[in-house]
file data28.txt (compact mmCIF, C-alpha atoms)
# COMPACT_ATOMS: atom_id res chain seq x y z
CA MET A 1 126.80 66.55 149.42
CA ALA A 2 123.14 65.63 149.05
CA ALA A 3 122.14 61.96 149.05
CA ASN A 4 121.42 61.97 145.30
CA THR A 5 124.68 63.74 144.44
CA PHE A 6 127.68 61.88 143.07
CA ILE A 7 130.89 62.64 141.25
CA ASP A 8 132.11 60.84 138.14
CA ASN A 9 135.03 61.52 135.83
CA ALA A 10 135.70 61.15 132.12
CA LYS A 11 138.72 61.78 129.94
CA ILE A 12 138.58 64.28 127.08
CA MET A 13 139.90 62.68 123.90
CA ALA A 14 141.98 64.39 121.20
CA LYS A 15 138.94 65.65 119.26
CA GLY A 16 137.19 66.92 122.40
CA GLN A 17 134.96 63.85 122.71
CA VAL A 18 133.93 62.50 126.09
CA THR A 19 132.16 59.28 126.97
CA ILE A 20 129.40 60.09 129.43
CA PRO A 21 129.67 57.60 132.30
CA LYS A 22 126.88 55.02 132.53
CA ASP A 23 125.56 56.22 135.90
CA VAL A 24 125.31 59.78 134.54
CA ARG A 25 123.47 58.59 131.39
CA GLU A 26 121.06 56.62 133.56
CA THR A 27 120.46 59.63 135.82
CA LEU A 28 119.75 61.81 132.78
CA GLY A 29 117.58 59.11 131.19
CA VAL A 30 119.50 59.21 127.91
CA THR A 31 120.58 56.43 125.59
CA SER A 32 122.34 56.16 122.26
CA GLY A 33 120.96 58.69 119.77
CA ASP A 34 119.40 60.96 122.41
CA ARG A 35 120.48 64.57 122.66
CA ILE A 36 121.87 66.43 125.65
CA SER A 37 122.24 70.15 126.28
CA PHE A 38 125.16 71.91 127.95
CA ILE A 39 124.07 74.88 130.07
CA VAL A 40 126.99 77.16 130.89
CA GLU A 41 126.52 79.52 133.83
CA GLY A 42 129.69 81.36 134.80
CA GLY A 43 132.32 78.70 135.43
CA THR A 44 129.80 75.88 135.85
CA VAL A 45 128.40 73.57 133.19
CA ARG A 46 125.26 71.50 133.62
CA ILE A 47 124.46 68.60 131.31
CA VAL A 48 120.74 67.95 130.87
CA ASN A 49 118.50 65.72 128.77
CA SER A 50 117.55 68.01 125.86
CA ALA A 51 113.97 66.71 125.63
CA VAL A 52 113.34 67.22 129.34
CA TYR A 53 114.96 70.65 129.25
CA ALA A 54 112.85 71.73 126.26
CA MET A 55 109.68 70.65 128.08
CA GLN A 56 110.73 72.55 131.21
CA MET A 57 111.40 75.69 129.16
CA LEU A 58 107.98 75.40 127.49
CA GLN A 59 106.29 74.96 130.86
CA ASN A 60 108.09 78.04 132.18
CA GLU A 61 107.02 80.06 129.13
CA LEU A 62 103.38 79.00 129.54
CA ALA A 63 103.29 79.42 133.33
CA GLY A 64 100.44 81.72 134.24
CA GLU A 65 98.90 81.83 130.77
CA ALA A 66 95.79 79.92 131.86
CA GLY A 67 95.10 82.45 134.59
CA ARG A 68 95.61 85.38 132.24
CA THR A 69 93.01 83.92 129.86
CA GLY A 70 90.51 83.25 132.64
CA LEU A 71 91.09 79.50 132.74
CA ASP A 72 92.00 79.47 136.39
CA SER A 73 89.94 76.49 137.53
CA ASP A 74 88.94 73.02 136.38
CA GLU A 75 85.39 74.32 135.98
CA ALA A 76 86.51 77.11 133.64
CA VAL A 77 88.44 74.64 131.48
CA ALA A 78 85.49 72.23 131.40
CA ALA A 79 83.14 75.06 130.39
CA LEU A 80 85.47 76.08 127.54
CA VAL A 81 85.74 72.49 126.31
CA LYS A 82 81.93 72.14 126.40
CA GLU A 83 81.50 75.41 124.53
CA LEU A 84 83.97 74.36 121.83
CA ARG A 85 82.34 70.95 121.46
CA ASP A 86 78.90 72.55 121.18
CA GLU A 87 80.19 74.93 118.50
CA GLU A 88 81.74 72.00 116.61
CA LYS A 89 78.50 70.02 116.83
CA THR A 90 76.50 73.03 115.60
CA HIS A 91 78.94 73.46 112.72
CA GLU A 92 78.63 69.75 111.82
CA ASP A 93 74.80 69.99 111.90
CA PHE A 94 74.89 72.73 109.25
CA ASN A 95 77.07 70.64 106.91
call {"tool": "encode", "arguments": {"input": "data28.txt", "output": "structure tokens"}}
result
Amino acid sequence: MAANTFIDNAKIMAKGQVTIPKDVRETLGVTSGDRISFIVEGGTVRIVNSAVYAMQMLQNELAGEAGRTGLDSDEAVAALVKELRDEEKTHEDFN
């Protein structure tokens, strides 16, 4: 097993509830009130921090969008920001 891999166990209660062991909660970065997601792939289940997972999914969805819109460098982004600010300033000057 990898150095950051460990095994922990929990008992399933009558209503299907499980207490997530402390070391697992700490690894996931979750506390009381946080949400977790269960990802089922074949016969394997992964438990992940829902907020982190949602952010990863968003990043995956947006991957490559900047390049497709021509924003493929810091200079291109800076030029777009300048253009938008100039347009906003021009708009404000007319009002």
call {"tool": "atom_distance", "arguments": {"input": "data28.txt", "atom1": "CA of Leu28 in chain A", "atom2": "CA of Ile47 in chain A"}}
result
8.4 Å
call {"tool": "atom_distance", "arguments": {"input": "data28.txt", "atom1": "CA of Met55 in chain A", "atom2": "CA of Arg35 in chain A"}}
result
13.5 Å
call {"tool": "atom_distance", "arguments": {"input": "data28.txt", "atom1": "CA of Ala51 in chain A", "atom2": "CA of Ile20 in chain A"}}
result
17.2 Å
call {"tool": "axis_aligned_box", "arguments": {"input": "data28.txt", "around": "range 82-88 of chain A", "padding_each_side": "4 Å", "output": "lines of an AutoDock Vina configuration file"}}
result
center_x = 81.4
center_y = 73.2
center_z = 121.5
size_x = 13.1
size_y = 12.5
size_z = 17.8
call {"tool": "build_atoms", "arguments": {"input": "data28.txt", "residues": "range 79-90 of chain A", "atoms": "all heavy atoms", "output": "short mmCIF file (atom, residue, chain, number, x, y, z; two decimals), in the frame of the given file"}}
result
data_model
loop_
_atom_site.label_atom_id
_atom_site.label_comp_id
_atom_site.auth_asym_id
_atom_site.auth_seq_id
_atom_site.Cartn_x
_atom_site.Cartn_y
_atom_site.Cartn_z
N ALA A 79 84.12 74.23 131.08
CA ALA A 79 83.14 75.06 130.39
C ALA A 79 83.63 75.44 128.99
O ALA A 79 82.86 75.41 128.03
CB ALA A 79 82.85 76.32 131.21
N LEU A 80 84.91 75.75 128.86
CA LEU A 80 85.47 76.08 127.54
C LEU A 80 85.42 74.88 126.62
O LEU A 80 85.02 75.00 125.46
CB LEU A 80 86.91 76.59 127.68
CG LEU A 80 87.63 76.86 126.36
CD1 LEU A 80 86.91 77.96 125.58
CD2 LEU A 80 89.08 77.22 126.60
N VAL A 81 85.78 73.71 127.12
CA VAL A 81 85.74 72.49 126.31
C VAL A 81 84.30 72.22 125.85
O VAL A 81 84.07 71.92 124.68
CB VAL A 81 86.31 71.28 127.08
CG1 VAL A 81 86.03 69.97 126.36
CG2 VAL A 81 87.81 71.47 127.32
N LYS A 82 83.33 72.36 126.77
CA LYS A 82 81.93 72.14 126.40
C LYS A 82 81.49 73.13 125.33
O LYS A 82 80.84 72.76 124.35
CB LYS A 82 81.03 72.26 127.63
CG LYS A 82 79.56 71.99 127.33
CD LYS A 82 78.72 72.15 128.56
CE LYS A 82 77.25 71.86 128.34
NZ LYS A 82 76.68 72.22 127.08
N GLU A 83 81.86 74.39 125.50
CA GLU A 83 81.50 75.41 124.53
C GLU A 83 82.08 75.10 123.14
O GLU A 83 81.39 75.18 122.14
CB GLU A 83 82.02 76.77 125.00
CG GLU A 83 81.76 77.92 124.05
CD GLU A 83 82.39 79.21 124.54
OE1 GLU A 83 82.54 79.39 125.77
OE2 GLU A 83 82.74 80.04 123.68
N LEU A 84 83.34 74.69 123.11
CA LEU A 84 83.97 74.36 121.83
C LEU A 84 83.33 73.14 121.18
O LEU A 84 83.15 73.09 119.97
CB LEU A 84 85.47 74.15 122.02
CG LEU A 84 86.26 75.41 122.41
CD1 LEU A 84 87.70 75.04 122.77
CD2 LEU A 84 86.21 76.44 121.30
N ARG A 85 83.00 72.14 122.00
CA ARG A 85 82.34 70.95 121.46
C ARG A 85 80.96 71.29 120.92
O ARG A 85 80.55 70.76 119.88
CB ARG A 85 82.26 69.86 122.53
CG ARG A 85 83.59 69.20 122.81
CD ARG A 85 83.48 68.13 123.85
NE ARG A 85 84.78 67.49 124.06
CZ ARG A 85 85.08 66.76 125.12
NH1 ARG A 85 84.18 66.57 126.08
NH2 ARG A 85 86.27 66.21 125.22
N ASP A 86 80.23 72.14 121.65
CA ASP A 86 78.90 72.55 121.18
C ASP A 86 79.00 73.31 119.86
O ASP A 86 78.19 73.09 118.96
CB ASP A 86 78.20 73.42 122.24
CG ASP A 86 77.77 72.62 123.47
OD1 ASP A 86 77.79 71.36 123.40
OD2 ASP A 86 77.44 73.25 124.50
N GLU A 87 79.99 74.20 119.75
CA GLU A 87 80.19 74.93 118.50
C GLU A 87 80.53 73.97 117.35
O GLU A 87 80.01 74.12 116.25
CB GLU A 87 81.32 75.95 118.65
CG GLU A 87 80.97 77.16 119.46
CD GLU A 87 82.14 78.11 119.62
OE1 GLU A 87 83.15 77.96 118.90
OE2 GLU A 87 82.06 78.98 120.49
N GLU A 88 81.37 72.99 117.65
CA GLU A 88 81.74 72.00 116.61
C GLU A 88 80.51 71.19 116.19
O GLU A 88 80.30 70.96 114.99
CB GLU A 88 82.83 71.07 117.16
CG GLU A 88 83.35 70.08 116.14
CD GLU A 88 84.47 69.23 116.70
OE1 GLU A 88 85.39 69.78 117.33
OE2 GLU A 88 84.41 68.00 116.50
N LYS A 89 79.70 70.79 117.15
CA LYS A 89 78.50 70.02 116.83
C LYS A 89 77.53 70.87 115.99
O LYS A 89 76.97 70.38 115.01
CB LYS A 89 77.81 69.55 118.11
CG LYS A 89 76.64 68.64 117.85
CD LYS A 89 76.08 68.09 119.14
CE LYS A 89 75.10 67.02 118.86
NZ LYS A 89 73.75 67.31 118.97
N THR A 90 77.37 72.13 116.35
CA THR A 90 76.50 73.03 115.60
C THR A 90 77.01 73.18 114.17
O THR A 90 76.25 73.13 113.21
CB THR A 90 76.41 74.40 116.28
OG1 THR A 90 75.90 74.22 117.61
CG2 THR A 90 75.52 75.35 115.52
#
